[in-house]
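Visitor: This is the structure I want to talk about, given as structure tokens.
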Amino acid sequence: MHADSEHIAGRKSSISREDLLAAALKLIGPHRSVSTLSLREVAREAGIAPNSFYRQFRDMDELAVALIDLAGLSLQKIIDAARVRAAIDRSAVRGAVEAFMEQLRADDQLLHILLREGTAGSDAFKHAVDRQLSFFEEELRISLIQINAAQGVTLREPALVAKAITRLVFAMGATAMDLPREKDPELVRQLTLMVRMIIAGSRTLAEEGRRPGV
């Protein structure tokens, strides 16, 4: 009897990209980077023969970039949650920071991938993370302009403000990953204050720029 090797030991005969991404996510722990995963580990977790991996991805780098792109969904969740909270009350900054922390602690840990691979991954991974951050920064820039316009104020270089806030929040988030959840309220307080300081500084610079002789 000649059994196909993929049916041996309970292996699946077919697999999707989504199945492989889900398998990789299960292997990534609090202190483990995507870049440390091996093809054999992912194949074993997914229940397939290693050769079947290549039906969906060229190599592990391509899977890792796809995983980072998937992690970008966590950024969209932050944006959506922040906009909902801003519509409910005027504490838009605090609402956005709280939404960020909620995604940081989410069970899928997708945000962890962006925070970790942006500093520890390969150049390809870092470029993939930068793409996601650029999208987030653009969405944040638009929201900042809209919120401040509704309050009758303007910002100096809103794109730079959005970038400063994004980089600050992600740097703090990378630290927060290794801290216990009971530290979250204080982190939210600090981050909210720091973001408000950036916005206040931008408003002040915009106002000074309108004064004669400045």
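Chain identifiers are assigned as A, B, and so on, following the order in which chains appear in the structure tokens; residues are numbered from 1 within each chain, and ligands are numbered from 1 in order of appearance.
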I'd like to know which residues of chain A are helix (DSSP H, G or I) (by DSSP, run on the backbone); could you write them as a ChimeraX atom specification?

Guide: /A:5-10,17-27,34-36,39-46,50-55,60-88,92-104,110-120,123-150,158-176,181-209

Visitor: Filtering to C-alpha atoms, could you give me those residues as a short mmCIF file (atom, residue, chain, number, x, y, z; two decimals), in the first residue's frame?

Guide:
data_model
loop_
_atom_site.label_atom_id
_atom_site.label_comp_id
_atom_site.auth_asym_id
_atom_site.auth_seq_id
_atom_site.Cartn_x
_atom_site.Cartn_y
_atom_site.Cartn_z
CA SER A 5 3.04 11.12 3.03
CA GLU A 6 0.66 13.96 3.82
CA HIS A 7 -1.90 11.52 5.19
CA ILE A 8 0.59 9.94 7.55
CA ALA A 9 0.34 10.67 11.29
CA GLY A 10 -2.86 12.67 10.91
CA ARG A 17 -2.83 30.64 3.98
CA GLU A 18 -5.14 31.51 6.86
CA ASP A 19 -4.50 28.12 8.50
CA LEU A 20 -0.75 28.66 8.32
CA LEU A 21 -1.03 32.18 9.71
CA ALA A 22 -3.18 30.87 12.58
CA ALA A 23 -0.59 28.16 13.29
CA ALA A 24 2.20 30.75 13.37
CA LEU A 25 0.18 32.94 15.74
CA LYS A 26 -0.18 30.03 18.18
CA LEU A 27 3.59 29.62 18.29
CA VAL A 34 8.09 35.91 14.24
CA SER A 35 11.67 35.84 12.96
CA THR A 36 12.52 32.95 15.32
CA LEU A 39 9.13 26.36 8.68
CA ARG A 40 9.03 22.90 10.28
CA GLU A 41 7.53 24.30 13.48
CA VAL A 42 4.74 26.05 11.61
CA ALA A 43 4.08 23.00 9.43
CA ARG A 44 3.92 20.75 12.50
CA GLU A 45 1.52 23.11 14.28
CA ALA A 46 -0.67 23.29 11.16
CA PRO A 50 6.82 20.73 5.44
CA ASN A 51 6.68 20.59 1.63
CA SER A 52 2.99 21.53 1.69
CA PHE A 53 3.97 24.90 3.19
CA TYR A 54 5.31 26.01 -0.20
CA ARG A 55 1.88 25.74 -1.78
CA MET A 60 9.07 32.02 6.07
CA ASP A 61 9.83 35.64 5.25
CA GLU A 62 6.72 35.84 3.09
CA LEU A 63 4.62 34.29 5.85
CA ALA A 64 6.06 36.73 8.39
CA VAL A 65 5.24 39.75 6.21
CA ALA A 66 1.69 38.40 5.72
CA LEU A 67 1.41 38.04 9.50
CA ILE A 68 2.55 41.64 9.99
CA ASP A 69 -0.02 42.82 7.44
CA LEU A 70 -2.68 40.84 9.33
CA ALA A 71 -1.53 42.50 12.54
CA GLY A 72 -2.36 45.82 10.91
CA LEU A 73 -6.00 44.98 11.59
CA SER A 74 -5.32 45.75 15.26
CA LEU A 75 -4.42 49.32 14.26
CA GLN A 76 -7.73 49.71 12.43
CA LYS A 77 -9.53 48.48 15.55
CA ILE A 78 -7.76 51.17 17.58
CA ILE A 79 -8.80 53.86 15.09
CA ASP A 80 -12.41 52.66 14.98
CA ALA A 81 -12.69 52.41 18.77
CA ALA A 82 -11.12 55.84 19.25
CA ARG A 83 -13.58 57.45 16.81
CA VAL A 84 -16.53 55.85 18.57
CA ARG A 85 -15.35 57.12 21.95
CA ALA A 86 -14.68 60.59 20.57
CA ALA A 87 -18.28 60.71 19.36
CA ILE A 88 -19.55 59.77 22.82
CA ALA A 92 -10.71 61.81 22.38
CA VAL A 93 -7.07 61.47 23.46
CA ARG A 94 -7.76 59.33 26.50
CA GLY A 95 -10.20 57.21 24.50
CA ALA A 96 -7.58 56.56 21.83
CA VAL A 97 -4.94 55.62 24.42
CA GLU A 98 -7.37 53.28 26.17
CA ALA A 99 -8.22 51.66 22.83
CA PHE A 100 -4.50 51.12 22.21
CA MET A 101 -4.02 49.44 25.58
CA GLU A 102 -7.05 47.22 25.01
CA GLN A 103 -5.57 45.99 21.72
CA LEU A 104 -2.23 45.48 23.44
CA LEU A 110 -1.65 40.96 16.92
CA LEU A 111 -0.42 44.32 18.16
CA HIS A 112 2.52 42.57 19.81
CA ILE A 113 3.75 41.49 16.38
CA LEU A 114 3.95 45.09 15.16
CA LEU A 115 5.64 46.27 18.34
CA ARG A 116 8.19 43.45 18.31
CA GLU A 117 9.03 43.13 14.61
CA GLY A 118 9.48 46.88 14.22
CA THR A 119 12.66 46.63 16.27
CA ALA A 120 13.77 43.00 16.19
CA ASP A 123 14.64 44.65 7.03
CA ALA A 124 11.69 43.12 5.17
CA PHE A 125 9.76 42.82 8.42
CA LYS A 126 10.61 46.39 9.44
CA HIS A 127 9.43 47.71 6.07
CA ALA A 128 6.17 45.81 6.52
CA VAL A 129 5.73 47.33 9.98
CA ASP A 130 6.52 50.80 8.62
CA ARG A 131 3.76 50.37 6.02
CA GLN A 132 1.26 49.67 8.77
CA LEU A 133 2.49 52.56 10.90
CA SER A 134 2.29 54.93 7.91
CA PHE A 135 -1.35 53.95 7.41
CA PHE A 136 -2.04 54.54 11.10
CA GLU A 137 -0.28 57.91 11.03
CA GLU A 138 -2.34 59.07 8.04
CA GLU A 139 -5.60 58.06 9.72
CA LEU A 140 -4.47 59.81 12.90
CA ARG A 141 -3.51 62.96 10.95
CA ILE A 142 -6.99 63.16 9.44
CA SER A 143 -8.64 62.64 12.84
CA LEU A 144 -6.44 65.27 14.52
CA ILE A 145 -7.31 67.87 11.87
CA GLN A 146 -11.03 67.11 12.17
CA ILE A 147 -11.10 67.17 15.99
CA ASN A 148 -9.11 70.39 16.26
CA ALA A 149 -11.12 72.09 13.50
CA ALA A 150 -14.30 71.27 15.41
CA PRO A 158 -0.33 67.80 11.73
CA ALA A 159 1.47 65.02 9.83
CA LEU A 160 4.49 65.47 12.09
CA VAL A 161 2.22 65.56 15.13
CA ALA A 162 0.64 62.27 14.06
CA LYS A 163 4.07 60.73 13.57
CA ALA A 164 5.31 61.92 16.96
CA ILE A 165 2.24 60.52 18.72
CA THR A 166 2.44 57.20 16.88
CA ARG A 167 6.13 56.68 17.63
CA LEU A 168 5.64 57.67 21.28
CA VAL A 169 2.69 55.35 21.81
CA PHE A 170 4.42 52.43 20.12
CA ALA A 171 7.61 52.92 22.12
CA MET A 172 5.59 52.95 25.33
CA GLY A 173 3.59 49.96 24.13
CA ALA A 174 6.75 47.94 23.52
CA THR A 175 7.66 48.51 27.16
CA ALA A 176 4.13 47.82 28.40
CA ARG A 181 -1.84 44.59 33.62
CA GLU A 182 -2.17 46.44 36.93
CA LYS A 183 0.27 48.98 35.53
CA ASP A 184 -2.10 49.84 32.66
CA PRO A 185 -4.06 52.65 34.40
CA GLU A 186 -0.86 54.56 35.19
CA LEU A 187 0.46 53.98 31.67
CA VAL A 188 -2.81 55.27 30.22
CA ARG A 189 -2.57 58.36 32.44
CA GLN A 190 1.02 59.07 31.43
CA LEU A 191 0.45 58.43 27.74
CA THR A 192 -2.68 60.57 27.68
CA LEU A 193 -0.79 63.45 29.27
CA MET A 194 2.19 63.09 26.91
CA VAL A 195 -0.04 63.03 23.83
CA ARG A 196 -1.91 66.11 25.06
CA MET A 197 1.44 67.87 25.55
CA ILE A 198 2.39 67.14 21.93
CA ILE A 199 -0.95 68.47 20.67
CA ALA A 200 -0.78 71.53 22.93
CA GLY A 201 2.71 72.30 21.66
CA SER A 202 1.57 72.03 18.05
CA ARG A 203 -1.38 74.36 18.73
CA THR A 204 0.92 76.89 20.39
CA LEU A 205 3.34 76.82 17.45
CA ALA A 206 0.47 77.30 15.01
CA GLU A 207 -0.78 80.28 17.01
CA GLU A 208 2.70 81.83 17.20
CA GLY A 209 3.06 81.42 13.46
#

Visitor: Report, in Å to a single decimal, how far apart CA of Asp107 in chain A and CA of Met177 in chain A are.

Guide: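 One can read the CA of Met177 in chain A to CA of Asp107 in chain A distance as 12.7 Å.
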
Visitor: Which residue gives the smallest distance to Gln56 in chain A among A:Ser33, A:Ser91, A:Arg156, A:Ser14, with only C-alpha atoms counted?

Guide: A:Ser14
